[in-house]
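Undergrad: Just one file: start11.pdb, with PDB, C-alpha atoms (C1' of nucleotides).
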```pdb
ATOM      1  CA  MET A   1      25.325-109.549-177.799
ATOM      2  CA  LYS A   2      24.225-112.779-176.251
ATOM      3  CA  ILE A   3      26.091-114.105-173.270
ATOM      4  CA  SER A   4      25.930-117.514-174.828
ATOM      5  CA  ASP A   5      27.959-116.223-177.761
ATOM      6  CA  GLN A   6      31.130-118.233-177.431
ATOM      7  CA  HIS A   7      32.735-116.248-180.203
ATOM      8  CA  ALA A   8      32.832-113.123-178.088
ATOM      9  CA  ASP A   9      35.984-112.199-176.215
ATOM     10  CA  PHE A  10      36.254-113.440-172.691
ATOM     11  CA  PHE A  11      36.185-109.926-171.299
ATOM     12  CA  GLU A  12      33.166-108.948-173.348
ATOM     13  CA  ARG A  13      31.212-111.925-172.059
ATOM     14  CA  VAL A  14      32.123-110.949-168.517
ATOM     15  CA  TYR A  15      31.010-107.369-169.098
ATOM     16  CA  GLU A  16      27.753-108.534-170.592
ATOM     17  CA  ILE A  17      26.916-110.408-167.415
ATOM     18  CA  VAL A  18      28.079-107.705-165.025
ATOM     19  CA  ARG A  19      25.859-105.237-166.834
ATOM     20  CA  LEU A  20      22.878-107.454-165.990
ATOM     21  CA  ILE A  21      23.385-107.166-162.250
ATOM     22  CA  PRO A  22      20.458-105.130-160.910
ATOM     23  CA  LYS A  23      21.113-102.015-158.884
ATOM     24  CA  GLY A  24      21.394-102.780-155.213
ATOM     25  CA  ARG A  25      22.346-106.399-155.807
ATOM     26  CA  VAL A  26      25.733-108.089-155.888
ATOM     27  CA  THR A  27      27.218-111.320-157.110
ATOM     28  CA  ASN A  28      30.505-113.133-156.889
ATOM     29  CA  TYR A  29      33.223-114.041-159.351
ATOM     30  CA  GLY A  30      32.465-117.722-159.276
ATOM     31  CA  SER A  31      28.859-117.319-160.391
ATOM     32  CA  ILE A  32      29.946-115.234-163.341
ATOM     33  CA  ALA A  33      32.574-117.790-164.246
ATOM     34  CA  ILE A  34      29.956-120.536-164.150
ATOM     35  CA  ALA A  35      27.676-118.465-166.336
ATOM     36  CA  LEU A  36      30.501-118.175-168.830
ATOM     37  CA  GLY A  37      30.795-121.935-168.895
ATOM     38  CA  THR A  38      34.228-121.887-167.304
ATOM     39  CA  PRO A  39      33.634-122.418-163.579
ATOM     40  CA  LYS A  40      37.335-122.702-162.874
ATOM     41  CA  SER A  41      38.232-119.319-164.267
ATOM     42  CA  SER A  42      36.785-117.213-161.492
ATOM     43  CA  ARG A  43      40.134-115.459-161.179
ATOM     44  CA  MET A  44      39.844-114.430-164.787
ATOM     45  CA  VAL A  45      36.621-112.642-163.989
ATOM     46  CA  GLY A  46      38.578-110.473-161.616
ATOM     47  CA  TRP A  47      41.182-109.991-164.289
ATOM     48  CA  ALA A  48      38.458-108.878-166.660
ATOM     49  CA  MET A  49      37.297-106.337-164.100
ATOM     50  CA  ASN A  50      40.789-104.923-164.193
ATOM     51  CA  ALA A  51      40.300-104.270-167.877
ATOM     52  CA  ALA A  52      36.782-103.016-167.191
ATOM     53  CA  HIS A  53      38.144 -99.641-166.171
ATOM     54  CA  GLY A  54      36.990 -97.113-168.681
ATOM     55  CA  LYS A  55      33.906 -99.191-169.392
ATOM     56  CA  HIS A  56      31.598 -96.776-167.632
ATOM     57  CA  ASP A  57      28.617 -99.105-168.132
ATOM     58  CA  VAL A  58      30.194-102.013-166.292
ATOM     59  CA  PRO A  59      29.233-101.871-162.591
ATOM     60  CA  ALA A  60      32.303-103.666-161.337
ATOM     61  CA  HIS A  61      31.525-102.624-157.780
ATOM     62  CA  ARG A  62      28.657-105.103-157.737
ATOM     63  CA  VAL A  63      31.064-107.982-158.049
ATOM     64  CA  VAL A  64      32.674-109.223-154.862
ATOM     65  CA  ASN A  65      34.231-112.462-153.749
ATOM     66  CA  ARG A  66      32.165-115.332-152.449
ATOM     67  CA  ASN A  67      32.312-114.068-148.870
ATOM     68  CA  GLY A  68      30.847-110.708-149.809
ATOM     69  CA  MET A  69      34.140-108.995-149.142
ATOM     70  CA  LEU A  70      35.268-106.015-151.220
ATOM     71  CA  THR A  71      38.519-107.577-152.307
ATOM     72  CA  GLY A  72      38.741-105.390-155.377
ATOM     73  CA  LYS A  73      38.260-102.034-153.696
ATOM     74  CA  MET A  74      41.903-101.091-154.063
ATOM     75  CA  HIS A  75      41.615-101.299-157.819
ATOM     76  CA  PHE A  76      39.075 -98.519-158.058
ATOM     77  CA  ALA A  77      39.890 -94.861-158.544
ATOM     78  CA  THR A  78      40.087 -94.604-154.783
ATOM     79  CA  PRO A  79      40.038 -97.440-152.223
ATOM     80  CA  THR A  80      36.755 -96.123-150.834
ATOM     81  CA  LYS A  81      35.003 -95.683-154.167
ATOM     82  CA  MET A  82      33.638 -99.222-154.297
ATOM     83  CA  GLN A  83      32.076 -99.051-150.875
ATOM     84  CA  GLU A  84      30.606 -95.633-151.611
ATOM     85  CA  LEU A  85      28.969 -96.874-154.802
ATOM     86  CA  LEU A  86      27.463 -99.875-153.049
ATOM     87  CA  GLU A  87      26.214 -97.880-150.101
ATOM     88  CA  ALA A  88      24.629 -95.453-152.540
ATOM     89  CA  GLU A  89      22.608 -98.409-153.781
ATOM     90  CA  GLY A  90      21.436 -99.318-150.312
ATOM     91  CA  ILE A  91      23.989-101.947-149.444
ATOM     92  CA  ILE A  92      25.512-101.765-145.985
ATOM     93  CA  ILE A  93      29.205-102.434-145.643
ATOM     94  CA  VAL A  94      31.173-102.875-142.465
ATOM     95  CA  ASP A  95      34.905-103.490-142.489
ATOM     96  CA  ASP A  96      34.929-104.223-146.246
ATOM     97  CA  GLN A  97      32.265-106.837-145.678
ATOM     98  CA  ILE A  98      28.775-106.648-147.183
ATOM     99  CA  GLN A  99      26.156-107.031-144.470
ATOM    100  CA  HIS A 100      23.324-109.502-145.108
ATOM    101  CA  PHE A 101      25.251-110.625-148.165
ATOM    102  CA  SER A 102      23.018-113.608-148.888
ATOM    103  CA  SER A 103      19.945-111.388-149.130
ATOM    104  CA  HIS A 104      21.693-109.033-151.566
ATOM    105  CA  PHE A 105      23.208-111.830-153.584
ATOM    106  CA  TRP A 106      22.092-112.099-157.205
ATOM    107  CA  ASP A 107      22.510-115.483-158.800
ATOM    108  CA  VAL A 108      23.844-115.027-162.324
ATOM    109  CA  THR A 109      22.863-118.429-163.655
ATOM    110  CA  GLU A 110      19.315-117.826-162.481
ATOM    111  CA  ASN A 111      19.066-114.814-164.755
ATOM    112  CA  LEU A 112      20.858-116.572-167.576
ATOM    113  CA  LEU A 113      18.156-119.200-167.763
ATOM    114  CA  ASN A 114      15.766-116.355-168.286
ATOM    115  CA  ASP A 115      17.969-114.733-170.884
ATOM    116  CA  LEU A 116      18.508-117.880-172.914
ATOM    117  CA  SER A 117      14.874-118.856-173.009
TER     118      SER A 117
ATOM    119  C1'  DA B   1      57.280-120.943-176.521
ATOM    120  C1'  DG B   2      57.745-120.581-171.389
ATOM    121  C1'  DC B   3      57.113-118.287-166.874
ATOM    122  C1'  DT B   4      54.736-115.189-163.713
ATOM    123  C1'  DT B   5      50.778-113.005-161.949
ATOM    124  C1'  DG B   6      46.397-112.611-159.875
ATOM    125  C1'  DA B   7      39.378-108.057-158.142
ATOM    126  C1'  DC B   8      39.147-116.408-156.814
ATOM    127  C1'  DT B   9      37.447-121.049-155.175
ATOM    128  C1'  DT B  10      37.788-125.463-153.374
ATOM    129  C1'  DT B  11      39.684-128.821-150.618
ATOM    130  C1'  DG B  12      41.969-131.065-146.910
ATOM    131  C1'  DA B  13      43.821-130.824-142.235
TER     132       DA B  13
ATOM    133  C1'  DG C   1      34.317-122.970-137.469
ATOM    134  C1'  DT C   2      39.496-121.607-139.154
ATOM    135  C1'  DC C   3      43.888-121.823-142.058
ATOM    136  C1'  DA C   4      47.212-123.142-145.575
ATOM    137  C1'  DA C   5      47.908-125.208-149.988
ATOM    138  C1'  DA C   6      46.762-126.280-154.494
ATOM    139  C1'  DG C   7      44.266-125.611-158.819
ATOM    140  C1'  DC C   8      42.580-122.542-162.310
ATOM    141  C1'  DC C   9      43.532-120.249-166.944
ATOM    142  C1'  DA C  10      43.862-115.695-169.704
ATOM    143  C1'  DA C  11      47.042-111.967-170.200
ATOM    144  C1'  DG C  12      51.512-109.876-170.290
ATOM    145  C1'  DC C  13      56.173-110.086-170.460
TER     146       DC C  13
END
```
Written as structure tokens, how would this file's structure read?

TA:
Amino acid sequence: MKISDQHADFFERVYEIVRLIPKGRVTNYGSIAIALGTPKSSRMVGWAMNAAHGKHDVPAHRVVNRNGMLTGKMHFATPTKMQELLEAEGIIIVDDQIQHFSSHFWDVTENLLNDLS
DNA sequence: AGCTTGACTTTGA
DNA sequence: GTCAAAGCCAAGC
């Protein structure tokens, strides 16, 4: 399914993007929201992640808030699961904060341009 | 139909 | 730089 498919459910479009995040990289809710064409619904992206449980192919742990903080860690199976997954991908986390966040950041819209071409 | 709730972001002080 | 307040909008009740 194409991300540009406006007929798809909101959640499905979110999942589609999250699945594109490369291993070892992270992005924030706002970028995903922008990619969806609804920049103001960044909170909804988080809501979608809530429903992403059970979607084993949706790496929700690679989505953090704009400060690189693991705000959603408490919604995982265990509060430490998110950090463990990220660290397993080579990302360093201290006090729920991703270190060198800007260098790990993956711009969604950048990849979308590629995808839509 | 209306009201509440957020895994957020932006803005203004 | 920090902090509080407001805006956002889909889902659930």

Undergrad: Please check the contacts: residues of chain A at most 10 Å away from chain C, using all atoms listed in the file, listed as a list in words.

TA: Phe10, Phe11, Thr38, Pro39, Lys40, Ser41, Ser42, Arg43, Met44, Val45, Trp47 and Ala48 of chain A

Undergrad: Applying the PyMOL selection byres ((chain A and resi 85) around 12) to the file I just gave you, which residues come out? Please list them as a list in words.

TA: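 Residues picked by the PyMOL selection byres ((chain A and resi 85) around 12): Lys23, Gly24, Arg25, Val26, Pro59, Ala60, His61, Arg62, Val63, Leu70, Lys73, Phe76, Ala77, Thr78, Pro79, Thr80, Lys81, Met82, Gln83, Glu84, Leu86, Glu87, Ala88, Glu89, Gly90, Ile91, Ile92 and Ile93 of chain A.
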
Undergrad: So what do you get for CA of Ile32 in chain A versus CA of Val108 in chain A, distance-wise?

TA: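 We find that CA of Ile32 in chain A and CA of Val108 in chain A lie 6.2 Å from each other.
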
Undergrad: Please evaluate the PyMOL selection byres ((chain B) within 8 of (chain A)) against the structure above and give the resulting residues as a PyMOL selection string.

TA: chain B and resi 6-9

Undergrad: Rounded to one decimal place, report the CA of Gln99 in chain A-CA of Leu36 in chain A distance in Å.

TA: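 Spanning CA of Gln99 in chain A to CA of Leu36 in chain A is a straight-line distance of 27.1 Å.
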